[in-house]
>>> print(open('model_10.pdb').read())   # PDB, C-alpha atoms (C1' of nucleotides)
ATOM      1  CA  MET K  29       4.687  -8.719 -17.118
ATOM      2  CA  LYS K  30       1.485  -8.116 -15.175
ATOM      3  CA  ILE K  31       1.849  -5.386 -12.525
ATOM      4  CA  ALA K  32      -1.001  -4.643 -10.102
ATOM      5  CA  THR K  33      -1.700  -2.127  -7.364
ATOM      6  CA  TRP K  34      -4.102  -2.738  -4.488
ATOM      7  CA  ASN K  35      -4.877  -0.921  -1.264
ATOM      8  CA  VAL K  36      -5.797  -3.912   0.911
ATOM      9  CA  ASN K  37      -6.945  -1.904   3.984
ATOM     10  CA  SER K  38      -5.134  -4.150   6.502
ATOM     11  CA  ILE K  39      -3.176  -7.127   5.171
ATOM     12  CA  LYS K  40      -4.132  -9.092   8.300
ATOM     13  CA  ALA K  41      -7.876  -8.517   8.001
ATOM     14  CA  HIS K  42      -7.873  -9.235   4.259
ATOM     15  CA  LEU K  43      -5.130 -11.845   3.896
ATOM     16  CA  PRO K  44      -7.449 -14.621   2.615
ATOM     17  CA  HIS K  45      -8.852 -12.303  -0.086
ATOM     18  CA  THR K  46      -5.330 -11.212  -0.975
ATOM     19  CA  LEU K  47      -4.044 -14.795  -1.317
ATOM     20  CA  ASP K  48      -7.122 -15.811  -3.328
ATOM     21  CA  TRP K  49      -6.582 -12.968  -5.748
ATOM     22  CA  LEU K  50      -2.867 -13.695  -6.164
ATOM     23  CA  LYS K  51      -3.713 -17.288  -7.086
ATOM     24  CA  GLU K  52      -6.537 -16.303  -9.421
ATOM     25  CA  ALA K  53      -5.049 -13.253 -11.196
ATOM     26  CA  GLN K  54      -1.438 -14.467 -11.255
ATOM     27  CA  PRO K  55       0.189 -11.008 -11.291
ATOM     28  CA  ASP K  56       3.991 -10.951 -11.605
ATOM     29  CA  VAL K  57       4.304  -7.869  -9.412
ATOM     30  CA  VAL K  58       1.866  -6.477  -6.829
ATOM     31  CA  LEU K  59       2.097  -3.094  -5.132
ATOM     32  CA  LEU K  60       0.217  -3.132  -1.826
ATOM     33  CA  GLN K  61      -0.862  -0.236   0.397
ATOM     34  CA  GLU K  62      -2.384   0.237   3.851
ATOM     35  CA  LEU K  63      -0.852  -2.901   5.319
ATOM     36  CA  LYS K  64      -1.399  -1.602   8.874
ATOM     37  CA  VAL K  65       1.284  -3.938  10.237
ATOM     38  CA  THR K  66       4.926  -3.709  11.248
ATOM     39  CA  ASP K  67       7.550  -5.481   9.122
ATOM     40  CA  GLU K  68       7.723  -8.278  11.739
ATOM     41  CA  ASN K  69       3.987  -8.917  11.571
ATOM     42  CA  PHE K  70       3.741  -8.917   7.768
ATOM     43  CA  PRO K  71       2.488 -12.379   6.686
ATOM     44  CA  ALA K  72       5.528 -13.028   4.486
ATOM     45  CA  MET K  73       5.397 -16.794   4.783
ATOM     46  CA  GLU K  74       1.900 -17.179   3.346
ATOM     47  CA  ILE K  75       2.757 -14.890   0.426
ATOM     48  CA  GLU K  76       6.171 -16.433  -0.234
ATOM     49  CA  GLU K  77       4.474 -19.807  -0.427
ATOM     50  CA  LEU K  78       2.752 -18.557  -3.581
ATOM     51  CA  GLY K  79       6.115 -17.809  -5.155
ATOM     52  CA  TYR K  80       6.503 -14.115  -4.325
ATOM     53  CA  ASN K  81       9.482 -12.188  -2.996
ATOM     54  CA  CYS K  82       8.488  -9.385  -0.619
ATOM     55  CA  ALA K  83       9.882  -5.913   0.031
ATOM     56  CA  VAL K  84       7.986  -4.488   2.991
ATOM     57  CA  HIS K  85       7.938  -1.021   4.532
ATOM     58  CA  GLY K  86       5.517  -1.438   7.415
ATOM     59  CA  GLN K  87       4.260   0.563  10.354
ATOM     60  CA  LYS K  88       2.096  -0.210  13.369
ATOM     61  CA  THR K  89      -1.647   0.537  12.909
ATOM     62  CA  TYR K  90      -1.386   2.945   9.963
ATOM     63  CA  ASN K  91      -0.037   3.114   6.411
ATOM     64  CA  GLY K  92       2.471   0.463   5.323
ATOM     65  CA  VAL K  93       3.408  -0.477   1.738
ATOM     66  CA  ALA K  94       4.927  -3.513   0.052
ATOM     67  CA  ILE K  95       6.132  -4.892  -3.262
ATOM     68  CA  LEU K  96       5.473  -8.546  -4.100
ATOM     69  CA  SER K  97       7.304 -10.031  -7.070
ATOM     70  CA  LYS K  98       7.728 -13.417  -8.686
ATOM     71  CA  HIS K  99      11.079 -12.121  -9.990
ATOM     72  CA  PRO K 100      13.976 -11.196  -7.689
ATOM     73  CA  LEU K 101      13.876  -7.704  -6.154
ATOM     74  CA  ASP K 102      17.047  -5.599  -6.111
ATOM     75  CA  ASP K 103      17.958  -2.134  -4.872
ATOM     76  CA  VAL K 104      15.040  -1.864  -2.416
ATOM     77  CA  ARG K 105      14.553   1.692  -1.148
ATOM     78  CA  THR K 106      12.126   2.661   1.599
ATOM     79  CA  GLY K 107      10.755   6.122   2.252
ATOM     80  CA  LEU K 108      10.364   9.062  -0.098
ATOM     81  CA  ALA K 109      13.317  11.451  -0.295
ATOM     82  CA  GLY K 110      13.011  15.080   0.667
ATOM     83  CA  ASP K 111      11.993  15.057   4.342
ATOM     84  CA  ASP K 112      13.979  13.091   6.917
ATOM     85  CA  SER K 113      11.406  13.926   9.613
ATOM     86  CA  ASP K 114       8.614  12.096   7.728
ATOM     87  CA  ASP K 115       8.148   8.779   9.552
ATOM     88  CA  GLN K 116       4.982   7.590   7.777
ATOM     89  CA  ALA K 117       5.481   4.368   5.788
ATOM     90  CA  ARG K 118       4.081   5.417   2.415
ATOM     91  CA  TYR K 119       6.774   4.585  -0.160
ATOM     92  CA  VAL K 120       8.841   1.586  -1.179
ATOM     93  CA  GLU K 121      10.718   1.137  -4.449
ATOM     94  CA  ALA K 122      12.684  -1.704  -6.021
ATOM     95  CA  TRP K 123      14.152  -3.005  -9.247
ATOM     96  CA  VAL K 124      12.343  -6.085 -10.572
ATOM     97  CA  ASP K 125      14.974  -8.314 -12.104
ATOM     98  CA  ALA K 126      13.095 -10.056 -14.902
ATOM     99  CA  GLY K 127      16.211 -10.935 -16.875
ATOM    100  CA  GLY K 128      16.718 -10.177 -20.540
ATOM    101  CA  ALA K 129      19.948  -9.009 -22.131
ATOM    102  CA  GLY K 130      21.460  -6.339 -19.899
ATOM    103  CA  GLY K 131      18.347  -6.378 -17.703
ATOM    104  CA  SER K 132      16.181  -5.337 -20.652
ATOM    105  CA  ALA K 133      13.086  -7.119 -19.360
ATOM    106  CA  GLY K 134      13.316  -5.526 -15.906
ATOM    107  CA  VAL K 135      11.379  -2.616 -14.496
ATOM    108  CA  ARG K 136      11.667  -0.272 -11.528
ATOM    109  CA  VAL K 137       8.472  -0.177  -9.471
ATOM    110  CA  ALA K 138       7.252   1.823  -6.490
ATOM    111  CA  SER K 139       4.310   1.231  -4.169
ATOM    112  CA  ILE K 140       2.807   4.582  -3.202
ATOM    113  CA  TYR K 141       0.306   5.425  -0.475
ATOM    114  CA  LEU K 142      -0.244   9.118  -0.981
ATOM    115  CA  PRO K 143      -1.696  11.012   2.012
ATOM    116  CA  ASN K 144      -5.452  11.546   1.988
ATOM    117  CA  GLY K 145      -5.176  15.207   2.972
ATOM    118  CA  ASN K 146      -8.537  15.769   4.662
ATOM    119  CA  PRO K 147      -9.605  17.970   6.348
ATOM    120  CA  THR K 148      -8.220  20.577   3.961
ATOM    121  CA  ASP K 149      -7.970  23.331   6.583
ATOM    122  CA  THR K 150      -5.444  21.331   8.619
ATOM    123  CA  ASP K 151      -1.794  20.360   8.308
ATOM    124  CA  LYS K 152      -2.972  17.064   6.797
ATOM    125  CA  PHE K 153      -3.593  18.912   3.535
ATOM    126  CA  THR K 154      -0.259  20.755   3.572
ATOM    127  CA  TYR K 155       1.410  17.392   4.280
ATOM    128  CA  LYS K 156      -0.337  15.885   1.265
ATOM    129  CA  LEU K 157       0.771  18.712  -1.019
ATOM    130  CA  SER K 158       4.375  18.690   0.193
ATOM    131  CA  TRP K 159       4.430  14.878  -0.142
ATOM    132  CA  MET K 160       3.271  15.282  -3.741
ATOM    133  CA  ASP K 161       5.979  17.888  -4.349
ATOM    134  CA  ARG K 162       8.550  15.376  -3.082
ATOM    135  CA  LEU K 163       7.050  12.713  -5.345
ATOM    136  CA  VAL K 164       7.325  15.051  -8.343
ATOM    137  CA  ASP K 165      10.988  15.673  -7.509
ATOM    138  CA  HIS K 166      11.734  11.971  -7.166
ATOM    139  CA  ALA K 167       9.760  11.050 -10.281
ATOM    140  CA  THR K 168      11.794  13.649 -12.182
ATOM    141  CA  GLU K 169      15.031  12.048 -11.030
ATOM    142  CA  LEU K 170      13.778   8.617 -12.072
ATOM    143  CA  LEU K 171      13.007   9.890 -15.577
ATOM    144  CA  ALA K 172      16.632  10.922 -15.995
ATOM    145  CA  THR K 173      17.705   7.290 -15.578
ATOM    146  CA  GLU K 174      15.693   6.376 -18.710
ATOM    147  CA  GLU K 175      14.690   3.143 -17.024
ATOM    148  CA  PRO K 176      11.219   1.680 -17.369
ATOM    149  CA  VAL K 177       9.436   2.829 -14.188
ATOM    150  CA  VAL K 178       5.976   2.048 -12.809
ATOM    151  CA  LEU K 179       4.813   4.273  -9.947
ATOM    152  CA  GLY K 180       1.675   2.534  -8.708
ATOM    153  CA  GLY K 181      -0.532   3.004  -5.738
ATOM    154  CA  ASP K 182      -3.335   4.742  -3.920
ATOM    155  CA  TYR K 183      -2.783   8.331  -5.078
ATOM    156  CA  ASN K 184      -5.784   9.699  -3.175
ATOM    157  CA  VAL K 185      -6.419  11.922  -6.207
ATOM    158  CA  ILE K 186      -9.534  11.839  -8.394
ATOM    159  CA  PRO K 187      -7.916  13.042 -11.628
ATOM    160  CA  ALA K 188     -11.091  14.476 -13.214
ATOM    161  CA  ASP K 189     -14.788  14.887 -12.420
ATOM    162  CA  GLU K 190     -15.598  11.922 -14.681
ATOM    163  CA  ASP K 191     -13.614   9.722 -12.275
ATOM    164  CA  CYS K 192     -16.186  10.070  -9.490
ATOM    165  CA  TYR K 193     -19.893   9.421  -9.180
ATOM    166  CA  ASP K 194     -20.837  12.908  -8.034
ATOM    167  CA  ALA K 195     -18.482  15.789  -8.713
ATOM    168  CA  VAL K 196     -20.600  18.187  -6.674
ATOM    169  CA  ALA K 197     -20.431  15.953  -3.607
ATOM    170  CA  TRP K 198     -16.630  15.790  -3.902
ATOM    171  CA  GLU K 199     -16.074  19.489  -4.558
ATOM    172  CA  GLY K 200     -13.593  20.988  -2.108
ATOM    173  CA  ASP K 201     -12.364  17.595  -0.924
ATOM    174  CA  ALA K 202      -8.611  16.991  -0.731
ATOM    175  CA  LEU K 203      -9.010  14.317  -3.446
ATOM    176  CA  THR K 204     -10.350  16.821  -5.989
ATOM    177  CA  ARG K 205      -8.839  20.125  -4.866
ATOM    178  CA  PRO K 206      -7.102  21.988  -7.711
ATOM    179  CA  GLU K 207      -3.814  21.896  -5.779
ATOM    180  CA  SER K 208      -3.951  18.071  -5.631
ATOM    181  CA  ARG K 209      -5.017  17.685  -9.253
ATOM    182  CA  ALA K 210      -2.356  20.126 -10.439
ATOM    183  CA  ARG K 211       0.401  18.070  -8.831
ATOM    184  CA  PHE K 212      -0.995  14.847 -10.270
ATOM    185  CA  ARG K 213      -1.109  16.524 -13.675
ATOM    186  CA  THR K 214       2.492  17.645 -13.207
ATOM    187  CA  LEU K 215       3.487  13.974 -13.045
ATOM    188  CA  LEU K 216       1.718  13.407 -16.367
ATOM    189  CA  ASN K 217       3.234  16.522 -17.911
ATOM    190  CA  LEU K 218       6.691  15.318 -16.929
ATOM    191  CA  GLY K 219       6.122  12.367 -19.229
ATOM    192  CA  TYR K 220       4.385   9.720 -17.116
ATOM    193  CA  THR K 221       1.430   7.865 -18.639
ATOM    194  CA  GLU K 222      -1.544   6.818 -16.522
ATOM    195  CA  ALA K 223      -1.995   3.254 -17.732
ATOM    196  CA  TRP K 224      -5.740   2.712 -17.312
ATOM    197  CA  ARG K 225      -6.902   6.105 -18.607
ATOM    198  CA  THR K 226      -4.649   6.014 -21.661
ATOM    199  CA  LEU K 227      -6.310   2.754 -22.787
ATOM    200  CA  HIS K 228      -9.893   3.582 -21.729
ATOM    201  CA  SER K 229     -12.090   6.561 -22.602
ATOM    202  CA  GLU K 230     -15.163   5.680 -20.550
ATOM    203  CA  SER K 231     -16.315   7.792 -17.627
ATOM    204  CA  HIS K 232     -17.480   6.654 -14.185
ATOM    205  CA  VAL K 233     -15.263   3.638 -13.722
ATOM    206  CA  TYR K 234     -13.941   3.292 -10.193
ATOM    207  CA  SER K 235     -11.352   1.606  -7.972
ATOM    208  CA  PHE K 236     -12.749   2.557  -4.537
ATOM    209  CA  TRP K 237     -16.227   2.374  -3.004
ATOM    210  CA  ASP K 238     -16.937   3.613   0.515
ATOM    211  CA  TYR K 239     -18.203   1.074   3.044
ATOM    212  CA  GLN K 240     -21.000   3.490   3.936
ATOM    213  CA  ARG K 241     -24.370   4.299   2.355
ATOM    214  CA  GLY K 242     -24.420   1.215   0.141
ATOM    215  CA  ALA K 243     -21.826   2.834  -2.113
ATOM    216  CA  TRP K 244     -20.787  -0.473  -3.718
ATOM    217  CA  GLN K 245     -24.366  -1.551  -4.497
ATOM    218  CA  LYS K 246     -25.138   1.870  -6.016
ATOM    219  CA  ASP K 247     -21.762   2.064  -7.804
ATOM    220  CA  ASN K 248     -21.012   5.312  -6.001
ATOM    221  CA  GLY K 249     -17.248   5.061  -6.375
ATOM    222  CA  ILE K 250     -14.148   7.045  -7.177
ATOM    223  CA  ARG K 251     -11.040   6.235  -9.218
ATOM    224  CA  ILE K 252      -7.970   6.967  -7.118
ATOM    225  CA  ASP K 253      -5.666   3.959  -7.633
ATOM    226  CA  HIS K 254      -3.315   4.584 -10.518
ATOM    227  CA  LEU K 255      -0.311   3.154 -12.372
ATOM    228  CA  LEU K 256       1.997   5.831 -13.767
ATOM    229  CA  LEU K 257       4.457   4.653 -16.405
ATOM    230  CA  SER K 258       7.682   6.295 -17.531
ATOM    231  CA  PRO K 259       8.081   6.525 -21.337
ATOM    232  CA  GLN K 260      10.222   3.374 -21.403
ATOM    233  CA  ALA K 261       7.496   1.478 -19.542
ATOM    234  CA  ALA K 262       4.630   3.061 -21.491
ATOM    235  CA  ASP K 263       6.214   1.861 -24.733
ATOM    236  CA  ARG K 264       5.665  -1.675 -23.460
ATOM    237  CA  LEU K 265       2.054  -1.160 -22.244
ATOM    238  CA  THR K 266      -0.407  -3.601 -23.813
ATOM    239  CA  ALA K 267      -3.363  -3.670 -21.392
ATOM    240  CA  SER K 268      -4.767  -2.238 -18.173
ATOM    241  CA  GLU K 269      -7.900  -3.202 -16.263
ATOM    242  CA  ILE K 270      -9.684  -2.682 -12.983
ATOM    243  CA  ASP K 271     -10.668  -6.013 -11.424
ATOM    244  CA  LYS K 272     -13.869  -5.403  -9.487
ATOM    245  CA  GLY K 273     -14.040  -8.997  -8.265
ATOM    246  CA  PRO K 274     -12.360  -8.592  -4.876
ATOM    247  CA  ARG K 275     -14.550  -5.603  -3.894
ATOM    248  CA  GLY K 276     -17.679  -7.742  -4.256
ATOM    249  CA  LYS K 277     -16.605 -10.366  -1.708
ATOM    250  CA  GLN K 278     -17.681 -10.660   1.914
ATOM    251  CA  LYS K 279     -15.815  -8.255   4.222
ATOM    252  CA  PRO K 280     -13.612  -6.847   1.448
ATOM    253  CA  SER K 281     -11.116  -4.021   1.258
ATOM    254  CA  ASP K 282     -12.801  -0.811   0.140
ATOM    255  CA  HIS K 283     -10.385  -0.692  -2.841
ATOM    256  CA  THR K 284     -10.103  -3.159  -5.712
ATOM    257  CA  PRO K 285      -6.987  -4.088  -7.732
ATOM    258  CA  VAL K 286      -5.871  -2.180 -10.824
ATOM    259  CA  TRP K 287      -3.341  -3.823 -13.126
ATOM    260  CA  CYS K 288      -1.395  -3.268 -16.323
ATOM    261  CA  GLU K 289       0.470  -5.583 -18.667
ATOM    262  CA  LEU K 290       3.904  -4.700 -20.037
ATOM    263  CA  ASP K 291       5.462  -6.487 -22.994
ATOM    264  CA  GLY K 292       8.614  -8.461 -22.340
TER     265      GLY K 292
ATOM    266  C1'  DA D  52     -25.056  19.766   9.657
ATOM    267  C1'  DT D  53     -23.821  15.012  10.743
ATOM    268  C1'  DG D  54     -23.658  10.036  10.683
ATOM    269  C1'  DC D  55     -23.783   6.504   7.939
ATOM    270  C1'  DC D  56     -18.929   1.533   7.732
ATOM    271  C1'  DT D  57     -14.583  -0.681   8.866
ATOM    272  C1'  DA D  58     -10.069  -1.627  11.217
ATOM    273  C1'  DA D  59      -6.759  -1.007  14.954
ATOM    274  C1'  DC D  60      -5.835  -0.253  19.697
ATOM    275  C1'  DA D  61      -7.348  -0.330  23.729
ATOM    276  C1'  DC D  62     -11.449   0.297  26.234
ATOM    277  C1'  DC D  63     -16.076  -0.522  26.136
ATOM    278  C1'  DG D  64     -14.610   4.852  23.101
ATOM    279  C1'  DT D  65     -11.224   7.219  19.843
ATOM    280  C1'  DT D  66      -8.687   7.916  15.559
ATOM    281  C1'  DA D  67      -8.361   7.482  10.756
ATOM    282  C1'  DG D  68      -9.782   6.512   6.415
ATOM    283  C1'  DA D  69     -11.823   8.828   1.574
TER     284       DA D  69
END
>>> encode(input="model_10.pdb", output="structure tokens")
Amino acid sequence: MKIATWNVNSIKAHLPHTLDWLKEAQPDVVLLQELKVTDENFPAMEIEELGYNCAVHGQKTYNGVAILSKHPLDDVRTGLAGDDSDDQARYVEAWVDAGGAGGSAGVRVASIYLPNGNPTDTDKFTYKLSWMDRLVDHATELLATEEPVVLGGDYNVIPADEDCYDAVAWEGDALTRPESRARFRTLLNLGYTEAWRTLHSESHVYSFWDYQRGAWQKDNGIRIDHLLLSPQAADRLTASEIDKGPRGKQKPSDHTPVWCELDG
DNA sequence: ATGCCTAACACCGTTAGA
């Protein structure tokens, strides 16, 4: 089963690129972020025409996440537990029913759009950190189920200096701050496996390039889109790649898809 | 030190992104 994550930076503005990539890459499950549309305005018809079921948690103008799946989606949950006053659409989770005896080929997936957190001297940063604390709590609960789980999305965390083009330039940013990295590391220490990094040792490979300063042409990127696998999912991991193709198109999203392949 | 792009919304600029 091929599972991808992609921050599309407006599903309306980048729908043709999104549809092209679905046809070309043929992922079974896609976790989308930054839809920037309400549920009503999500282009479900065009995506369903390609054989996908959609679970959408949208919002006007900002945020918005979705799960696309060629298999049926069950037990869809929207919003991250732990703060009823949080009205930003940054989390949607579902069970992908891929069959198998007793659901053995299925997997639980979540599409995550973690807050950016800049500037760090504002409540945006405290919101990011508390959101990550809530994610740690929820990820802990999911581990107890012993299900295969894939938590994929735009984490807005550069895990290590080797995951950006210029560590000095990014020093002090919410994406590299020790508090952000510590919480990301907590997810790994709980038992989650970051799919791409566990299969690749190379430095300076990226999933995001700023629109400004010719960042794409100079390969001045950062790696912030991640797929975190529970032990039961990691046992089935056979491949993970970053597909730079979509970022090189005309008027692209500033992120490019990251995917992993699970056995069965 | 700041803008540099891009998208949305609404107004001809502001907010947000990373």
>>> resolve_selection(input="model_10.pdb", expression="the PyMOL selection byres ((chain D) within 12 of (chain K))", output="VMD selection string")
chain D and resid 54 to 60 66 to 69
>>> atom_distance(input="model_10.pdb", atom1="atom CA of K:Ser158", atom2="atom CA of K:Ala261")
26.4 Å
>>> atom_distance(input="model_10.pdb", atom1="atom CA of K:Ala223", atom2="atom CA of K:Pro274")
20.3 Å
>>> residues_around(input="model_10.pdb", residues="K:Ala32", least_positions_apart="4", cutoff="6 Å", atoms="all atoms listed in the file", output="MDAnalysis selection string")
chainID K and resid 58 286:287
>>> residues_near_point(input="model_10.pdb", point="(6.3, 15.5, -11.3)", cutoff="8 Å", atoms="all atoms listed in the file", output="list in words")
Asp161, Leu163, Val164, Asp165, His166, Ala167, Thr168, Arg211, Phe212, Arg213, Thr214, Leu215, Leu216, Asn217 and Leu218 of chain K
>>> closest_residue(input="model_10.pdb", among="K:Gly219, K:Thr204, K:His228, K:Gly249", to="K:Cys192", atoms="all atoms listed in the file")
K:Gly249
>>> resolve_selection(input="model_10.pdb", expression="the PyMOL selection byres ((chain K and resi 45-49) around 12)", output="number ranges by chain")
K: 32-44, 50-55, 58-61, 63, 71-80, 96, 271-281, 283-286
>>> resolve_selection(input="model_10.pdb", expression="the PyMOL selection byres ((chain K and resi 85) around 12)", output="ChimeraX atom specification")
/K:59-70,82-84,86-88,90-96,104-108,115-122,138-141
>>> write_last_selection(input="model_10.pdb", atoms="C-alpha atoms", output="CSV table (one decimal), in the frame of the given file")
chain,number,residue,atom,x,y,z
K,59,LEU,CA,2.1,-3.1,-5.1
K,60,LEU,CA,0.2,-3.1,-1.8
K,61,GLN,CA,-0.9,-0.2,0.4
K,62,GLU,CA,-2.4,0.2,3.9
K,63,LEU,CA,-0.9,-2.9,5.3
K,64,LYS,CA,-1.4,-1.6,8.9
K,65,VAL,CA,1.3,-3.9,10.2
K,66,THR,CA,4.9,-3.7,11.2
K,67,ASP,CA,7.6,-5.5,9.1
K,68,GLU,CA,7.7,-8.3,11.7
K,69,ASN,CA,4.0,-8.9,11.6
K,70,PHE,CA,3.7,-8.9,7.8
K,82,CYS,CA,8.5,-9.4,-0.6
K,83,ALA,CA,9.9,-5.9,0.0
K,84,VAL,CA,8.0,-4.5,3.0
K,86,GLY,CA,5.5,-1.4,7.4
K,87,GLN,CA,4.3,0.6,10.4
K,88,LYS,CA,2.1,-0.2,13.4
K,90,TYR,CA,-1.4,2.9,10.0
K,91,ASN,CA,0.0,3.1,6.4
K,92,GLY,CA,2.5,0.5,5.3
K,93,VAL,CA,3.4,-0.5,1.7
K,94,ALA,CA,4.9,-3.5,0.1
K,95,ILE,CA,6.1,-4.9,-3.3
K,96,LEU,CA,5.5,-8.5,-4.1
K,104,VAL,CA,15.0,-1.9,-2.4
K,105,ARG,CA,14.6,1.7,-1.1
K,106,THR,CA,12.1,2.7,1.6
K,107,GLY,CA,10.8,6.1,2.3
K,108,LEU,CA,10.4,9.1,-0.1
K,115,ASP,CA,8.1,8.8,9.6
K,116,GLN,CA,5.0,7.6,7.8
K,117,ALA,CA,5.5,4.4,5.8
K,118,ARG,CA,4.1,5.4,2.4
K,119,TYR,CA,6.8,4.6,-0.2
K,120,VAL,CA,8.8,1.6,-1.2
K,121,GLU,CA,10.7,1.1,-4.4
K,122,ALA,CA,12.7,-1.7,-6.0
K,138,ALA,CA,7.3,1.8,-6.5
K,139,SER,CA,4.3,1.2,-4.2
K,140,ILE,CA,2.8,4.6,-3.2
K,141,TYR,CA,0.3,5.4,-0.5
>>> atom_distance(input="model_10.pdb", atom1="atom CA of K:Val124", atom2="atom CA of K:Asp111")
25.9 Å
>>> axis_aligned_box(input="model_10.pdb", around="stretch 153-168 of chain K", padding_each_side="5 Å", output="lines of an AutoDock Vina configuration file")
center_x = 4.1
center_y = 15.9
center_z = -4.0
size_x = 25.4
size_y = 19.7
size_z = 26.5
>>> closest_residue(input="model_10.pdb", among="K:Ala129, K:Ser231, K:Ala109, K:Arg136", to="K:Glu190", atoms="all atoms listed in the file")
K:Ser231
>>> closest_residue(input="model_10.pdb", among="K:Arg251, K:Tyr155, K:Glu175, K:Val135", to="K:Asp189", atoms="only C-alpha atoms")
K:Arg251
>>> closest_residue(input="model_10.pdb", among="K:Thr173, K:Ser229, K:Ser208, K:Ser97", to="K:Thr148", atoms="all atoms listed in the file")
K:Ser208
>>> build_atoms(input="model_10.pdb", residues="stretch 44-61 of chain K", atoms="N, CA and C atoms", output="PDB file, in the frame of the given file")
ATOM      1  N   PRO K  44      -6.860 -13.578   3.466  1.00  0.00           N
ATOM      2  CA  PRO K  44      -7.449 -14.621   2.615  1.00  0.00           C
ATOM      3  C   PRO K  44      -7.864 -14.087   1.242  1.00  0.00           C
ATOM      4  N   HIS K  45      -8.492 -12.897   1.207  1.00  0.00           N
ATOM      5  CA  HIS K  45      -8.852 -12.303  -0.086  1.00  0.00           C
ATOM      6  C   HIS K  45      -7.613 -12.027  -0.928  1.00  0.00           C
ATOM      7  N   THR K  46      -6.564 -11.550  -0.252  1.00  0.00           N
ATOM      8  CA  THR K  46      -5.330 -11.212  -0.975  1.00  0.00           C
ATOM      9  C   THR K  46      -4.723 -12.472  -1.594  1.00  0.00           C
ATOM     10  N   LEU K  47      -4.626 -13.542  -0.807  1.00  0.00           N
ATOM     11  CA  LEU K  47      -4.044 -14.795  -1.317  1.00  0.00           C
ATOM     12  C   LEU K  47      -4.897 -15.369  -2.445  1.00  0.00           C
ATOM     13  N   ASP K  48      -6.224 -15.307  -2.276  1.00  0.00           N
ATOM     14  CA  ASP K  48      -7.122 -15.811  -3.328  1.00  0.00           C
ATOM     15  C   ASP K  48      -6.885 -15.075  -4.640  1.00  0.00           C
ATOM     16  N   TRP K  49      -6.739 -13.756  -4.520  1.00  0.00           N
ATOM     17  CA  TRP K  49      -6.582 -12.968  -5.748  1.00  0.00           C
ATOM     18  C   TRP K  49      -5.231 -13.223  -6.410  1.00  0.00           C
ATOM     19  N   LEU K  50      -4.186 -13.381  -5.602  1.00  0.00           N
ATOM     20  CA  LEU K  50      -2.867 -13.695  -6.164  1.00  0.00           C
ATOM     21  C   LEU K  50      -2.928 -14.996  -6.962  1.00  0.00           C
ATOM     22  N   LYS K  51      -3.617 -15.985  -6.409  1.00  0.00           N
ATOM     23  CA  LYS K  51      -3.713 -17.288  -7.086  1.00  0.00           C
ATOM     24  C   LYS K  51      -4.530 -17.182  -8.364  1.00  0.00           C
ATOM     25  N   GLU K  52      -5.597 -16.391  -8.302  1.00  0.00           N
ATOM     26  CA  GLU K  52      -6.537 -16.303  -9.421  1.00  0.00           C
ATOM     27  C   GLU K  52      -5.998 -15.404 -10.539  1.00  0.00           C
ATOM     28  N   ALA K  53      -5.448 -14.243 -10.177  1.00  0.00           N
ATOM     29  CA  ALA K  53      -5.049 -13.253 -11.196  1.00  0.00           C
ATOM     30  C   ALA K  53      -3.617 -13.454 -11.674  1.00  0.00           C
ATOM     31  N   GLN K  54      -2.822 -14.156 -10.868  1.00  0.00           N
ATOM     32  CA  GLN K  54      -1.438 -14.467 -11.255  1.00  0.00           C
ATOM     33  C   GLN K  54      -0.630 -13.240 -11.697  1.00  0.00           C
ATOM     34  N   PRO K  55      -0.657 -12.150 -10.930  1.00  0.00           N
ATOM     35  CA  PRO K  55       0.189 -11.008 -11.291  1.00  0.00           C
ATOM     36  C   PRO K  55       1.657 -11.341 -11.023  1.00  0.00           C
ATOM     37  N   ASP K  56       2.554 -10.763 -11.838  1.00  0.00           N
ATOM     38  CA  ASP K  56       3.991 -10.951 -11.605  1.00  0.00           C
ATOM     39  C   ASP K  56       4.488 -10.047 -10.485  1.00  0.00           C
ATOM     40  N   VAL K  57       3.904  -8.853 -10.422  1.00  0.00           N
ATOM     41  CA  VAL K  57       4.304  -7.869  -9.412  1.00  0.00           C
ATOM     42  C   VAL K  57       3.047  -7.258  -8.819  1.00  0.00           C
ATOM     43  N   VAL K  58       3.008  -7.099  -7.487  1.00  0.00           N
ATOM     44  CA  VAL K  58       1.866  -6.477  -6.829  1.00  0.00           C
ATOM     45  C   VAL K  58       2.361  -5.397  -5.880  1.00  0.00           C
ATOM     46  N   LEU K  59       1.772  -4.217  -5.994  1.00  0.00           N
ATOM     47  CA  LEU K  59       2.097  -3.094  -5.132  1.00  0.00           C
ATOM     48  C   LEU K  59       0.958  -2.938  -4.128  1.00  0.00           C
ATOM     49  N   LEU K  60       1.251  -3.156  -2.863  1.00  0.00           N
ATOM     50  CA  LEU K  60       0.217  -3.132  -1.826  1.00  0.00           C
ATOM     51  C   LEU K  60       0.330  -1.863  -0.985  1.00  0.00           C
ATOM     52  N   GLN K  61      -0.829  -1.390  -0.517  1.00  0.00           N
ATOM     53  CA  GLN K  61      -0.862  -0.236   0.397  1.00  0.00           C
ATOM     54  C   GLN K  61      -1.797  -0.508   1.576  1.00  0.00           C
TER      55      GLN K  61
END
